[in-house]
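Pasted below: run_8.cif, mmCIF, C-alpha atoms and all ligand atoms; chains and numbers go by the auth columns.
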```cif
data_coords
#
loop_
_atom_site.group_PDB
_atom_site.id
_atom_site.type_symbol
_atom_site.label_atom_id
_atom_site.label_comp_id
_atom_site.label_asym_id
_atom_site.label_seq_id
_atom_site.Cartn_x
_atom_site.Cartn_y
_atom_site.Cartn_z
_atom_site.B_iso_or_equiv
_atom_site.auth_seq_id
_atom_site.auth_asym_id
ATOM 1 C CA MET A 1 -46.700 22.353 -172.860 0.00 1148 A
ATOM 2 C CA PRO A 2 -49.484 21.311 -175.302 0.00 1149 A
ATOM 3 C CA ALA A 3 -48.249 19.490 -178.403 0.00 1150 A
ATOM 4 C CA THR A 4 -47.201 21.428 -181.493 0.00 1151 A
ATOM 5 C CA VAL A 5 -47.584 19.454 -184.713 0.00 1152 A
ATOM 6 C CA LEU A 6 -46.423 20.315 -188.208 0.00 1153 A
ATOM 7 C CA ILE A 7 -48.352 18.224 -190.726 0.00 1154 A
ATOM 8 C CA MET A 8 -46.790 18.174 -194.178 0.00 1155 A
ATOM 9 C CA ILE A 9 -48.906 17.094 -197.159 0.00 1156 A
ATOM 10 C CA ASP A 10 -46.267 16.781 -199.852 0.00 1157 A
ATOM 11 C CA GLY A 11 -47.337 18.274 -203.185 0.00 1158 A
ATOM 12 C CA LEU A 12 -50.743 19.552 -202.047 0.00 1159 A
ATOM 13 C CA ARG A 13 -52.063 22.385 -204.189 0.00 1160 A
ATOM 14 C CA PRO A 14 -54.588 24.759 -202.597 0.00 1161 A
ATOM 15 C CA GLU A 15 -57.274 24.587 -205.321 0.00 1162 A
ATOM 16 C CA PRO A 16 -58.912 21.333 -204.163 0.00 1163 A
ATOM 17 C CA LEU A 17 -59.507 22.851 -200.697 0.00 1164 A
ATOM 18 C CA LEU A 18 -60.776 26.054 -202.278 0.00 1165 A
ATOM 19 C CA ASN A 19 -62.974 24.599 -205.030 0.00 1166 A
ATOM 20 C CA ASN A 20 -64.390 21.512 -203.357 0.00 1167 A
ATOM 21 C CA PRO A 21 -64.215 21.937 -199.571 0.00 1168 A
ATOM 22 C CA GLU A 22 -66.990 19.420 -198.811 0.00 1169 A
ATOM 23 C CA ARG A 23 -64.929 16.638 -200.341 0.00 1170 A
ATOM 24 C CA TYR A 24 -62.238 17.190 -197.672 0.00 1171 A
ATOM 25 C CA PRO A 25 -64.267 17.724 -194.488 0.00 1172 A
ATOM 26 C CA ASN A 26 -61.433 17.449 -191.972 0.00 1173 A
ATOM 27 C CA LEU A 27 -59.081 19.828 -193.751 0.00 1174 A
ATOM 28 C CA SER A 28 -61.979 22.208 -194.423 0.00 1175 A
ATOM 29 C CA SER A 29 -63.174 22.294 -190.826 0.00 1176 A
ATOM 30 C CA PHE A 30 -59.558 22.687 -189.756 0.00 1177 A
ATOM 31 C CA ARG A 31 -59.270 25.715 -192.043 0.00 1178 A
ATOM 32 C CA SER A 32 -62.441 27.205 -190.548 0.00 1179 A
ATOM 33 C CA ARG A 33 -60.864 27.197 -187.079 0.00 1180 A
ATOM 34 C CA SER A 34 -57.432 28.329 -188.326 0.00 1181 A
ATOM 35 C CA SER A 35 -55.516 31.360 -189.428 0.00 1182 A
ATOM 36 C CA TRP A 36 -54.916 30.418 -193.024 0.00 1183 A
ATOM 37 C CA THR A 37 -53.738 31.349 -196.485 0.00 1184 A
ATOM 38 C CA LEU A 38 -54.173 29.325 -199.644 0.00 1185 A
ATOM 39 C CA SER A 39 -51.553 31.396 -201.443 0.00 1186 A
ATOM 40 C CA ALA A 40 -48.348 30.813 -199.497 0.00 1187 A
ATOM 41 C CA SER A 41 -45.171 30.609 -201.581 0.00 1188 A
ATOM 42 C CA SER A 42 -42.773 27.724 -202.043 0.00 1189 A
ATOM 43 C CA ILE A 43 -39.098 28.386 -202.837 0.00 1190 A
ATOM 44 C CA MET A 44 -37.000 27.775 -205.930 0.00 1191 A
ATOM 45 C CA PRO A 45 -36.304 25.089 -206.846 0.00 1192 A
ATOM 46 C CA SER A 46 -39.751 23.880 -205.764 0.00 1193 A
ATOM 47 C CA THR A 47 -38.324 20.429 -205.045 0.00 1194 A
ATOM 48 C CA THR A 48 -38.965 18.395 -201.911 0.00 1195 A
ATOM 49 C CA LEU A 49 -35.616 18.358 -200.114 0.00 1196 A
ATOM 50 C CA PRO A 50 -34.666 22.018 -200.791 0.00 1197 A
ATOM 51 C CA CYS A 51 -38.195 22.999 -199.682 0.00 1198 A
ATOM 52 C CA HIS A 52 -37.915 21.070 -196.420 0.00 1199 A
ATOM 53 C CA MET A 53 -34.462 22.476 -195.696 0.00 1200 A
ATOM 54 C CA SER A 54 -35.936 25.966 -196.156 0.00 1201 A
ATOM 55 C CA ILE A 55 -38.950 25.164 -193.976 0.00 1202 A
ATOM 56 C CA PHE A 56 -36.809 24.000 -191.065 0.00 1203 A
ATOM 57 C CA HIS A 57 -33.895 26.445 -191.428 0.00 1204 A
ATOM 58 C CA SER A 58 -35.794 29.534 -192.636 0.00 1205 A
ATOM 59 C CA VAL A 59 -33.283 30.334 -195.377 0.00 1206 A
ATOM 60 C CA PRO A 60 -33.383 29.883 -199.175 0.00 1207 A
ATOM 61 C CA PRO A 61 -31.405 27.183 -200.990 0.00 1208 A
ATOM 62 C CA SER A 62 -28.638 29.692 -201.778 0.00 1209 A
ATOM 63 C CA ARG A 63 -27.917 29.688 -198.026 0.00 1210 A
ATOM 64 C CA HIS A 64 -28.558 26.062 -197.034 0.00 1211 A
ATOM 65 C CA CYS A 65 -26.837 24.730 -200.176 0.00 1212 A
ATOM 66 C CA VAL A 66 -29.390 21.960 -200.917 0.00 1213 A
ATOM 67 C CA THR A 67 -30.599 22.626 -204.460 0.00 1214 A
ATOM 68 C CA SER A 68 -31.851 19.158 -205.401 0.00 1215 A
ATOM 69 C CA ASN A 69 -33.061 15.995 -203.691 0.00 1216 A
ATOM 70 C CA THR A 70 -29.415 15.069 -203.119 0.00 1217 A
ATOM 71 C CA TRP A 71 -28.390 16.411 -199.744 0.00 1218 A
ATOM 72 C CA VAL A 72 -25.124 18.320 -199.290 0.00 1219 A
ATOM 73 C CA PRO A 73 -23.890 19.830 -196.027 0.00 1220 A
ATOM 74 C CA MET A 74 -24.250 23.569 -195.418 0.00 1221 A
ATOM 75 C CA GLU A 75 -21.034 25.493 -195.930 0.00 1222 A
ATOM 76 C CA GLU A 76 -21.719 27.482 -192.763 0.00 1223 A
ATOM 77 C CA PRO A 77 -24.187 25.410 -190.764 0.00 1224 A
ATOM 78 C CA ILE A 78 -27.048 27.137 -188.975 0.00 1225 A
ATOM 79 C CA PRO A 79 -29.383 25.414 -186.548 0.00 1226 A
ATOM 80 C CA GLY A 80 -32.908 24.639 -187.658 0.00 1227 A
ATOM 81 C CA LEU A 81 -36.167 24.276 -185.779 0.00 1228 A
ATOM 82 C CA PHE A 82 -35.346 20.760 -184.539 0.00 1229 A
ATOM 83 C CA GLU A 83 -31.962 21.874 -183.193 0.00 1230 A
ATOM 84 C CA ILE A 84 -33.166 24.936 -181.298 0.00 1231 A
ATOM 85 C CA SER A 85 -36.203 23.042 -179.960 0.00 1232 A
ATOM 86 C CA TYR A 86 -34.148 20.142 -178.687 0.00 1233 A
ATOM 87 C CA GLU A 87 -31.538 22.430 -177.159 0.00 1234 A
ATOM 88 C CA ALA A 88 -34.355 24.265 -175.369 0.00 1235 A
ATOM 89 C CA GLY A 89 -35.216 20.973 -173.693 0.00 1236 A
ATOM 90 C CA LEU A 90 -38.239 20.094 -175.832 0.00 1237 A
ATOM 91 C CA HIS A 91 -39.127 16.601 -177.048 0.00 1238 A
ATOM 92 C CA THR A 92 -38.834 16.518 -180.836 0.00 1239 A
ATOM 93 C CA ALA A 93 -40.160 13.777 -183.103 0.00 1240 A
ATOM 94 C CA ILE A 94 -40.343 13.060 -186.831 0.00 1241 A
ATOM 95 C CA PHE A 95 -42.476 10.532 -188.750 0.00 1242 A
ATOM 96 C CA TYR A 96 -41.729 10.109 -192.451 0.00 1243 A
ATOM 97 C CA THR A 97 -41.790 7.806 -195.478 0.00 1244 A
ATOM 98 C CA TRP A 98 -39.162 9.419 -197.694 0.00 1245 A
ATOM 99 C CA GLU A 99 -35.620 8.684 -196.659 0.00 1246 A
ATOM 100 C CA PRO A 100 -33.791 11.913 -197.699 0.00 1247 A
ATOM 101 C CA LEU A 101 -35.785 13.789 -195.031 0.00 1248 A
ATOM 102 C CA ARG A 102 -33.437 12.301 -192.453 0.00 1249 A
ATOM 103 C CA ASN A 103 -31.191 15.267 -193.252 0.00 1250 A
ATOM 104 C CA ILE A 104 -33.622 17.994 -192.181 0.00 1251 A
ATOM 105 C CA SER A 105 -32.350 17.638 -188.610 0.00 1252 A
ATOM 106 C CA ARG A 106 -28.820 17.275 -187.373 0.00 1253 A
ATOM 107 C CA LEU A 107 -27.563 14.192 -185.574 0.00 1254 A
ATOM 108 C CA GLY A 108 -28.463 14.236 -181.906 0.00 1255 A
ATOM 109 C CA HIS A 109 -31.466 16.574 -181.958 0.00 1256 A
ATOM 110 C CA LEU A 110 -34.434 14.204 -182.097 0.00 1257 A
ATOM 111 C CA SER A 111 -36.164 12.518 -179.181 0.00 1258 A
ATOM 112 C CA TYR A 112 -37.920 10.131 -181.546 0.00 1259 A
ATOM 113 C CA SER A 113 -37.616 9.249 -185.219 0.00 1260 A
ATOM 114 C CA PHE A 114 -39.790 6.890 -187.249 0.00 1261 A
ATOM 115 C CA PHE A 115 -39.015 6.131 -190.882 0.00 1262 A
ATOM 116 C CA ILE A 116 -40.604 3.533 -193.107 0.00 1263 A
ATOM 117 C CA ASP A 117 -39.920 3.325 -196.833 0.00 1264 A
ATOM 118 C CA GLU A 118 -43.584 3.500 -197.927 0.00 1265 A
ATOM 119 C CA LYS A 119 -43.988 6.746 -199.897 0.00 1266 A
ATOM 120 C CA TYR A 120 -45.164 4.687 -202.876 0.00 1267 A
ATOM 121 C CA ASN A 121 -47.722 2.691 -200.908 0.00 1268 A
ATOM 122 C CA LEU A 122 -50.800 4.741 -201.771 0.00 1269 A
ATOM 123 C CA LEU A 123 -53.288 2.880 -199.604 0.00 1270 A
ATOM 124 C CA HIS A 124 -51.330 2.326 -196.408 0.00 1271 A
ATOM 125 C CA GLY A 125 -48.055 4.280 -196.478 0.00 1272 A
ATOM 126 C CA ASP A 126 -49.382 7.406 -194.803 0.00 1273 A
ATOM 127 C CA GLU A 127 -51.677 5.372 -192.570 0.00 1274 A
ATOM 128 C CA MET A 128 -48.549 3.764 -191.050 0.00 1275 A
ATOM 129 C CA ILE A 129 -47.235 7.247 -190.317 0.00 1276 A
ATOM 130 C CA MET A 130 -50.507 8.314 -188.725 0.00 1277 A
ATOM 131 C CA ASN A 131 -50.679 5.154 -186.606 0.00 1278 A
ATOM 132 C CA GLU A 132 -47.127 5.566 -185.359 0.00 1279 A
ATOM 133 C CA ALA A 133 -47.674 9.246 -184.555 0.00 1280 A
ATOM 134 C CA VAL A 134 -50.753 8.249 -182.554 0.00 1281 A
ATOM 135 C CA ARG A 135 -48.826 5.538 -180.707 0.00 1282 A
ATOM 136 C CA TYR A 136 -46.096 8.042 -179.891 0.00 1283 A
ATOM 137 C CA LEU A 137 -48.556 10.687 -178.686 0.00 1284 A
ATOM 138 C CA GLU A 138 -50.237 8.151 -176.423 0.00 1285 A
ATOM 139 C CA ASN A 139 -47.050 6.772 -174.875 0.00 1286 A
ATOM 140 C CA TYR A 140 -44.254 9.330 -174.803 0.00 1287 A
ATOM 141 C CA SER A 141 -43.560 12.912 -173.784 0.00 1288 A
ATOM 142 C CA HIS A 142 -43.999 15.148 -176.797 0.00 1289 A
ATOM 143 C CA ASP A 143 -43.627 18.831 -177.570 0.00 1290 A
ATOM 144 C CA PHE A 144 -42.937 19.192 -181.289 0.00 1291 A
ATOM 145 C CA LEU A 145 -43.842 16.608 -183.926 0.00 1292 A
ATOM 146 C CA PHE A 146 -43.269 16.648 -187.669 0.00 1293 A
ATOM 147 C CA VAL A 147 -45.683 14.326 -189.455 0.00 1294 A
ATOM 148 C CA TYR A 148 -45.015 13.796 -193.146 0.00 1295 A
ATOM 149 C CA PHE A 149 -47.634 12.470 -195.576 0.00 1296 A
ATOM 150 C CA GLY A 150 -46.001 11.692 -198.933 0.00 1297 A
ATOM 151 C CA THR A 151 -48.541 9.944 -201.157 0.00 1298 A
ATOM 152 C CA VAL A 152 -50.325 12.984 -202.641 0.00 1299 A
ATOM 153 C CA ASP A 153 -47.003 13.866 -204.283 0.00 1300 A
ATOM 154 C CA THR A 154 -46.539 10.246 -205.371 0.00 1301 A
ATOM 155 C CA VAL A 155 -49.914 10.304 -207.130 0.00 1302 A
ATOM 156 C CA GLY A 156 -49.093 13.643 -208.731 0.00 1303 A
ATOM 157 C CA HIS A 157 -45.986 12.147 -210.316 0.00 1304 A
ATOM 158 C CA ASP A 158 -47.690 8.907 -211.344 0.00 1305 A
ATOM 159 C CA HIS A 159 -51.123 10.149 -212.456 0.00 1306 A
ATOM 160 C CA GLY A 160 -50.782 13.930 -212.750 0.00 1307 A
ATOM 161 C CA TRP A 161 -51.613 16.878 -210.522 0.00 1308 A
ATOM 162 C CA MET A 162 -55.291 17.915 -210.380 0.00 1309 A
ATOM 163 C CA THR A 163 -56.516 14.550 -211.725 0.00 1310 A
ATOM 164 C CA GLU A 164 -59.315 12.498 -210.204 0.00 1311 A
ATOM 165 C CA LYS A 165 -56.728 10.122 -208.759 0.00 1312 A
ATOM 166 C CA TYR A 166 -54.942 13.099 -207.145 0.00 1313 A
ATOM 167 C CA PHE A 167 -58.210 14.293 -205.573 0.00 1314 A
ATOM 168 C CA GLU A 168 -58.921 10.773 -204.291 0.00 1315 A
ATOM 169 C CA GLN A 169 -55.545 10.659 -202.585 0.00 1316 A
ATOM 170 C CA ILE A 170 -56.212 13.982 -200.859 0.00 1317 A
ATOM 171 C CA GLU A 171 -59.446 12.414 -199.566 0.00 1318 A
ATOM 172 C CA ILE A 172 -57.398 9.579 -198.020 0.00 1319 A
ATOM 173 C CA ILE A 173 -55.086 12.074 -196.333 0.00 1320 A
ATOM 174 C CA ASP A 174 -58.084 14.090 -195.180 0.00 1321 A
ATOM 175 C CA GLY A 175 -59.324 10.990 -193.355 0.00 1322 A
ATOM 176 C CA LEU A 176 -55.927 10.404 -191.732 0.00 1323 A
ATOM 177 C CA VAL A 177 -55.691 14.031 -190.637 0.00 1324 A
ATOM 178 C CA GLY A 178 -59.141 13.653 -189.080 0.00 1325 A
ATOM 179 C CA SER A 179 -58.011 10.550 -187.172 0.00 1326 A
ATOM 180 C CA LEU A 180 -54.919 12.335 -185.933 0.00 1327 A
ATOM 181 C CA PHE A 181 -56.975 15.328 -184.737 0.00 1328 A
ATOM 182 C CA LYS A 182 -59.151 12.959 -182.682 0.00 1329 A
ATOM 183 C CA VAL A 183 -56.243 11.656 -180.590 0.00 1330 A
ATOM 184 C CA LEU A 184 -54.275 14.878 -180.213 0.00 1331 A
ATOM 185 C CA PRO A 185 -54.039 16.012 -176.593 0.00 1332 A
ATOM 186 C CA SER A 186 -56.105 19.039 -175.680 0.00 1333 A
ATOM 187 C CA ASP A 187 -55.173 22.450 -177.060 0.00 1334 A
ATOM 188 C CA PRO A 188 -52.537 21.415 -179.587 0.00 1335 A
ATOM 189 C CA THR A 189 -51.137 23.869 -182.098 0.00 1336 A
ATOM 190 C CA VAL A 190 -51.296 22.354 -185.579 0.00 1337 A
ATOM 191 C CA LEU A 191 -49.813 23.764 -188.773 0.00 1338 A
ATOM 192 C CA VAL A 192 -50.854 22.057 -192.013 0.00 1339 A
ATOM 193 C CA GLN A 193 -48.911 22.988 -195.118 0.00 1340 A
ATOM 194 C CA ALA A 194 -47.394 21.707 -198.343 0.00 1341 A
ATOM 195 C CA ASP A 195 -43.832 22.056 -199.575 0.00 1342 A
ATOM 196 C CA HIS A 196 -44.733 22.778 -203.219 0.00 1343 A
ATOM 197 C CA GLY A 197 -47.585 22.174 -205.662 0.00 1344 A
ATOM 198 C CA GLY A 198 -47.195 20.613 -209.083 0.00 1345 A
ATOM 199 C CA HIS A 199 -48.315 20.628 -212.717 0.00 1346 A
ATOM 200 C CA ASP A 200 -48.717 17.794 -215.228 0.00 1347 A
ATOM 201 C CA PHE A 201 -46.530 15.068 -213.695 0.00 1348 A
ATOM 202 C CA ASP A 202 -43.878 17.177 -212.013 0.00 1349 A
ATOM 203 C CA HIS A 203 -42.831 20.242 -210.018 0.00 1350 A
ATOM 204 C CA GLY A 204 -39.593 22.091 -209.372 0.00 1351 A
ATOM 205 C CA ILE A 205 -39.911 25.245 -211.467 0.00 1352 A
ATOM 206 C CA SER A 206 -41.233 28.762 -210.858 0.00 1353 A
ATOM 207 C CA LEU A 207 -44.725 28.173 -212.326 0.00 1354 A
ATOM 208 C CA LEU A 208 -47.455 29.406 -209.952 0.00 1355 A
ATOM 209 C CA GLU A 209 -48.915 25.882 -209.964 0.00 1356 A
ATOM 210 C CA ASP A 210 -45.672 24.614 -208.425 0.00 1357 A
ATOM 211 C CA MET A 211 -45.053 27.606 -206.178 0.00 1358 A
ATOM 212 C CA THR A 212 -48.416 28.095 -204.429 0.00 1359 A
ATOM 213 C CA VAL A 213 -49.232 26.098 -201.307 0.00 1360 A
ATOM 214 C CA PRO A 214 -51.740 26.090 -198.439 0.00 1361 A
ATOM 215 C CA TRP A 215 -50.554 27.199 -194.976 0.00 1362 A
ATOM 216 C CA MET A 216 -53.074 26.864 -192.126 0.00 1363 A
ATOM 217 C CA ILE A 217 -52.416 27.076 -188.399 0.00 1364 A
ATOM 218 C CA SER A 218 -54.729 26.513 -185.446 0.00 1365 A
ATOM 219 C CA GLY A 219 -54.157 26.524 -181.702 0.00 1366 A
ATOM 220 C CA PRO A 220 -54.560 28.344 -178.410 0.00 1367 A
ATOM 221 C CA GLY A 221 -54.196 32.100 -178.875 0.00 1368 A
ATOM 222 C CA ILE A 222 -54.343 31.833 -182.676 0.00 1369 A
ATOM 223 C CA ARG A 223 -57.152 33.633 -184.512 0.00 1370 A
ATOM 224 C CA ARG A 224 -59.907 31.378 -185.834 0.00 1371 A
ATOM 225 C CA ASP A 225 -61.356 31.568 -189.331 0.00 1372 A
ATOM 226 C CA TYR A 226 -58.907 34.309 -190.193 0.00 1373 A
ATOM 227 C CA GLN A 227 -57.422 34.833 -193.637 0.00 1374 A
ATOM 228 C CA ILE A 228 -53.790 35.865 -193.303 0.00 1375 A
ATOM 229 C CA LYS A 229 -53.027 39.126 -195.069 0.00 1376 A
ATOM 230 C CA SER A 230 -49.235 39.253 -195.032 0.00 1377 A
ATOM 231 C CA ALA A 231 -47.137 37.261 -197.480 0.00 1378 A
ATOM 232 C CA VAL A 232 -46.244 33.792 -196.230 0.00 1379 A
ATOM 233 C CA SER A 233 -43.457 31.660 -197.648 0.00 1380 A
ATOM 234 C CA LEU A 234 -41.871 28.414 -196.501 0.00 1381 A
ATOM 235 C CA LEU A 235 -39.348 30.561 -194.590 0.00 1382 A
ATOM 236 C CA GLU A 236 -42.071 31.720 -192.180 0.00 1383 A
ATOM 237 C CA THR A 237 -42.812 28.268 -190.755 0.00 1384 A
ATOM 238 C CA ALA A 238 -39.829 27.934 -188.391 0.00 1385 A
ATOM 239 C CA PRO A 239 -39.998 31.458 -186.861 0.00 1386 A
ATOM 240 C CA THR A 240 -43.775 31.170 -186.358 0.00 1387 A
ATOM 241 C CA LEU A 241 -43.537 27.730 -184.732 0.00 1388 A
ATOM 242 C CA ALA A 242 -40.596 28.934 -182.605 0.00 1389 A
ATOM 243 C CA ARG A 243 -42.877 31.595 -181.127 0.00 1390 A
ATOM 244 C CA VAL A 244 -45.547 28.946 -180.471 0.00 1391 A
ATOM 245 C CA LEU A 245 -42.916 26.776 -178.776 0.00 1392 A
ATOM 246 C CA GLY A 246 -41.693 29.689 -176.695 0.00 1393 A
ATOM 247 C CA ILE A 247 -38.163 29.794 -178.076 0.00 1394 A
ATOM 248 C CA ASP A 248 -36.228 32.511 -179.855 0.00 1395 A
ATOM 249 C CA PRO A 249 -35.713 32.108 -183.603 0.00 1396 A
ATOM 250 C CA HIS A 250 -32.102 31.764 -184.651 0.00 1397 A
ATOM 251 C CA PRO A 251 -30.664 35.190 -185.620 0.00 1398 A
ATOM 252 C CA GLU A 252 -29.549 33.942 -189.029 0.00 1399 A
ATOM 253 C CA TRP A 253 -33.031 32.803 -190.041 0.00 1400 A
ATOM 254 C CA LEU A 254 -34.395 35.054 -192.777 0.00 1401 A
ATOM 255 C CA GLY A 255 -38.139 34.373 -192.467 0.00 1402 A
ATOM 256 C CA HIS A 256 -40.339 36.176 -189.956 0.00 1403 A
ATOM 257 C CA CYS A 257 -43.009 35.124 -187.502 0.00 1404 A
ATOM 258 C CA ILE A 258 -46.530 35.728 -188.840 0.00 1405 A
ATOM 259 C CA ASP A 259 -47.532 37.908 -185.881 0.00 1406 A
ATOM 260 C CA GLU A 260 -50.992 38.789 -187.184 0.00 1407 A
ATOM 261 C CA ILE A 261 -52.294 35.261 -186.478 0.00 1408 A
ATOM 262 C CA PHE A 262 -51.957 35.727 -182.710 0.00 1409 A
ATOM 263 C CA GLU A 263 -54.943 37.093 -180.794 0.00 1410 A
HETATM 264 ZN ZN ZN B . -42.424 17.446 -202.113 0.00 1501 B
#
```
As structure tokens, what does this structure read like?
Ligand SMILES: [Zn+2]
Amino acid sequence: MPATVLIMIDGLRPEPLLNNPERYPNLSSFRSRSSWTLSASSIMPSTTLPCHMSIFHSVPPSRHCVTSNTWVPMEEPIPGLFEISYEAGLHTAIFYTWEPLRNISRLGHLSYSFFIDEKYNLLHGDEMIMNEAVRYLENYSHDFLFVYFGTVDTVGHDHGWMTEKYFEQIEIIDGLVGSLFKVLPSDPTVLVQADHGGHDFDHGISLLEDMTVPWMISGPGIRRDYQIKSAVSLLETAPTLARVLGIDPHPEWLGHCIDEIFE
């Protein structure tokens, strides 16, 4: 099976891609060959760990019980995308720089895990992630990869969202995404999205600036240069990628597959 890759750009708002596409050539050309929306919705609270739990388990925080960046176990656990993928015999891998994300999969459901505590290393933190993902792709069996880039969010908190420094950091990530595209095996499916946006120096509330994120997916059988019409939220990621991976979504997931993207 060709690789399926979920690329997370933590804290990426859609406006830079919309207003200044030439500054981010790799993300812009990716969008032009994708089914995409620049108005997908985050969840409340629009905070990193609750968002990621919702992305991988397709339920809101009221169901997965994680309402802050402090993880707590689900009262009635449901499997997420890593669990159903691994149990279907797929190779699952995660690359990340922010330690709490270790809880987005359950023990025993990853073929490969790479963590390095470098979310605050603006120049090289995400580059380490990209390099390790490349090394993995070149050396090991792979079906589903989650690649997390954390520094755009770091800059948002330190320098403010929608500042020149924030735009510069998106440029760095754009370069890394371009490098990753170059080494991906043929015909991968790639979904690029954010978990939440941000305003001033923070995020976490129901402001549109926090709640609106890009969601762009490209791959075999997926419509190119197509603007998605139906509403997309973080809950749609797992069911849509499950279809790409050829596995049934878990019956308790509340999001739905975005069927209109398929040719
Ligand atoms: Zn985040």
- Message: Need to verify the contact set: Pro1161 in chain A, 6 Å, all atoms listed in the file, exclusion of same-chain residues closer than 3 positions in sequence. Can you return it as a PyMOL selection string?
- Response: chain A and resi 1164+1185+1360-1361
- Env. residues ligand ZN 1501 (chain B) / 7 Å / all atoms listed in the file / as number ranges by chain: A: 1157-1158, 1194-1195, 1300, 1342-1343
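For the file shown, the residue list from the PyMOL selection byres (((chain A and resi 1244-1255) around 6) and not hetatm) reads A:Met1200, A:Phe1229, A:Tyr1243, A:His1256, A:Leu1257, A:Phe1262, A:Ile1263, A:Asp1264, A:Glu1265, A:Lys1266.
Pairwise distance (CA of Met1221 in chain A, CA of Val1294 in chain A) equals 24.1 Å.
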- Could you give me, as a ChimeraX atom specification, the residues within 7 Å of range 1381-1388 of chain A, counting all atoms listed in the file and dropping anything in the same chain fewer than 3 positions from it? /A:1188-1190,1201-1206,1228,1391-1392,1396,1401-1405
- Of A:Ile1241, A:Ile1154, A:Trp1362, A:Pro1197, the one sitting nearest Thr1217 in chain A when using all atoms listed in the file is A:Pro1197
So that I can check the surroundings of Asn1278 in chain A, please list as a PDB file with C-alpha atoms, keeping the file's coordinate frame every protein, DNA and RNA residue that reaches within 9 Å of it, counting only C-alpha atoms and ignoring chain neighbours fewer than 5 positions away.
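Saved to around.pdb:
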```pdb
ATOM      1  CA  ASP A1273     -49.382   7.406-194.803  1.00  0.00           C
ATOM      2  CA  TYR A1283     -46.096   8.042-179.891  1.00  0.00           C
ATOM      3  CA  LEU A1327     -54.919  12.335-185.933  1.00  0.00           C
TER       4      LEU A1327
END
```
- Excluding Asp1305 in chain A and any residue of its chain fewer than 3 positions from it, enumerate the residues within 8 Å of it, using all atoms listed in the file, and give them as a list in words. Thr1301, Val1302 and Phe1348 of chain A
- Work out how far CA of Pro1335 in chain A is from CA of Arg1282 in chain A, in Å to one decimal. 16.3 Å
- Atomic separation - CA of Thr1239 in chain A relative to CA of Ser1186 in chain A, Å: 28.4 Å
- Message: Residues near Ser1353 in chain A, anyone? I mean within 8 Å using all atoms listed in the file, not counting same-chain ones fewer than 6 positions away, as a ChimeraX atom specification.
- Response: /A:1191-1193
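Distances here use all atoms listed in the file; by that measure, the residue among A:Ile1317, A:Ser1380, A:Arg1210, A:Ser1365 closest to Glu1222 in chain A is A:Arg1210.
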- Distance criterion (all atoms listed in the file): nearest to Ser1182 in chain A out of A:Val1337, A:Leu1165, A:Ile1394, A:Leu1269: A:Val1337
Just add N, CA and C atoms to range 1302-1314 of chain A and send it as a short mmCIF file (atom, residue, chain, number, x, y, z; two decimals), in the coordinates of the input.
```cif
data_model
loop_
_atom_site.label_atom_id
_atom_site.label_comp_id
_atom_site.auth_asym_id
_atom_site.auth_seq_id
_atom_site.Cartn_x
_atom_site.Cartn_y
_atom_site.Cartn_z
N VAL A 1302 -48.84 10.39 -206.13
CA VAL A 1302 -49.91 10.30 -207.13
C VAL A 1302 -49.75 11.39 -208.18
N GLY A 1303 -49.33 12.58 -207.76
CA GLY A 1303 -49.09 13.64 -208.73
C GLY A 1303 -48.09 13.21 -209.79
N HIS A 1304 -47.01 12.59 -209.36
CA HIS A 1304 -45.99 12.15 -210.32
C HIS A 1304 -46.48 10.98 -211.18
N ASP A 1305 -47.27 10.10 -210.60
CA ASP A 1305 -47.69 8.91 -211.34
C ASP A 1305 -48.92 9.14 -212.22
N HIS A 1306 -49.84 9.99 -211.76
CA HIS A 1306 -51.12 10.15 -212.46
C HIS A 1306 -51.40 11.59 -212.88
N GLY A 1307 -50.60 12.52 -212.40
CA GLY A 1307 -50.78 13.93 -212.75
C GLY A 1307 -51.43 14.72 -211.63
N TRP A 1308 -50.98 15.97 -211.49
CA TRP A 1308 -51.61 16.88 -210.52
C TRP A 1308 -53.00 17.26 -211.02
N MET A 1309 -53.92 17.47 -210.09
CA MET A 1309 -55.29 17.92 -210.38
C MET A 1309 -56.04 16.91 -211.25
N THR A 1310 -55.75 15.62 -211.07
CA THR A 1310 -56.52 14.55 -211.72
C THR A 1310 -57.44 13.93 -210.68
N GLU A 1311 -58.40 13.14 -211.14
CA GLU A 1311 -59.32 12.50 -210.20
C GLU A 1311 -58.54 11.65 -209.19
N LYS A 1312 -57.53 10.95 -209.67
CA LYS A 1312 -56.73 10.12 -208.76
C LYS A 1312 -56.03 10.98 -207.68
N TYR A 1313 -55.58 12.15 -208.08
CA TYR A 1313 -54.94 13.10 -207.14
C TYR A 1313 -55.95 13.54 -206.09
N PHE A 1314 -57.17 13.87 -206.53
CA PHE A 1314 -58.21 14.29 -205.57
C PHE A 1314 -58.55 13.15 -204.61
#
```
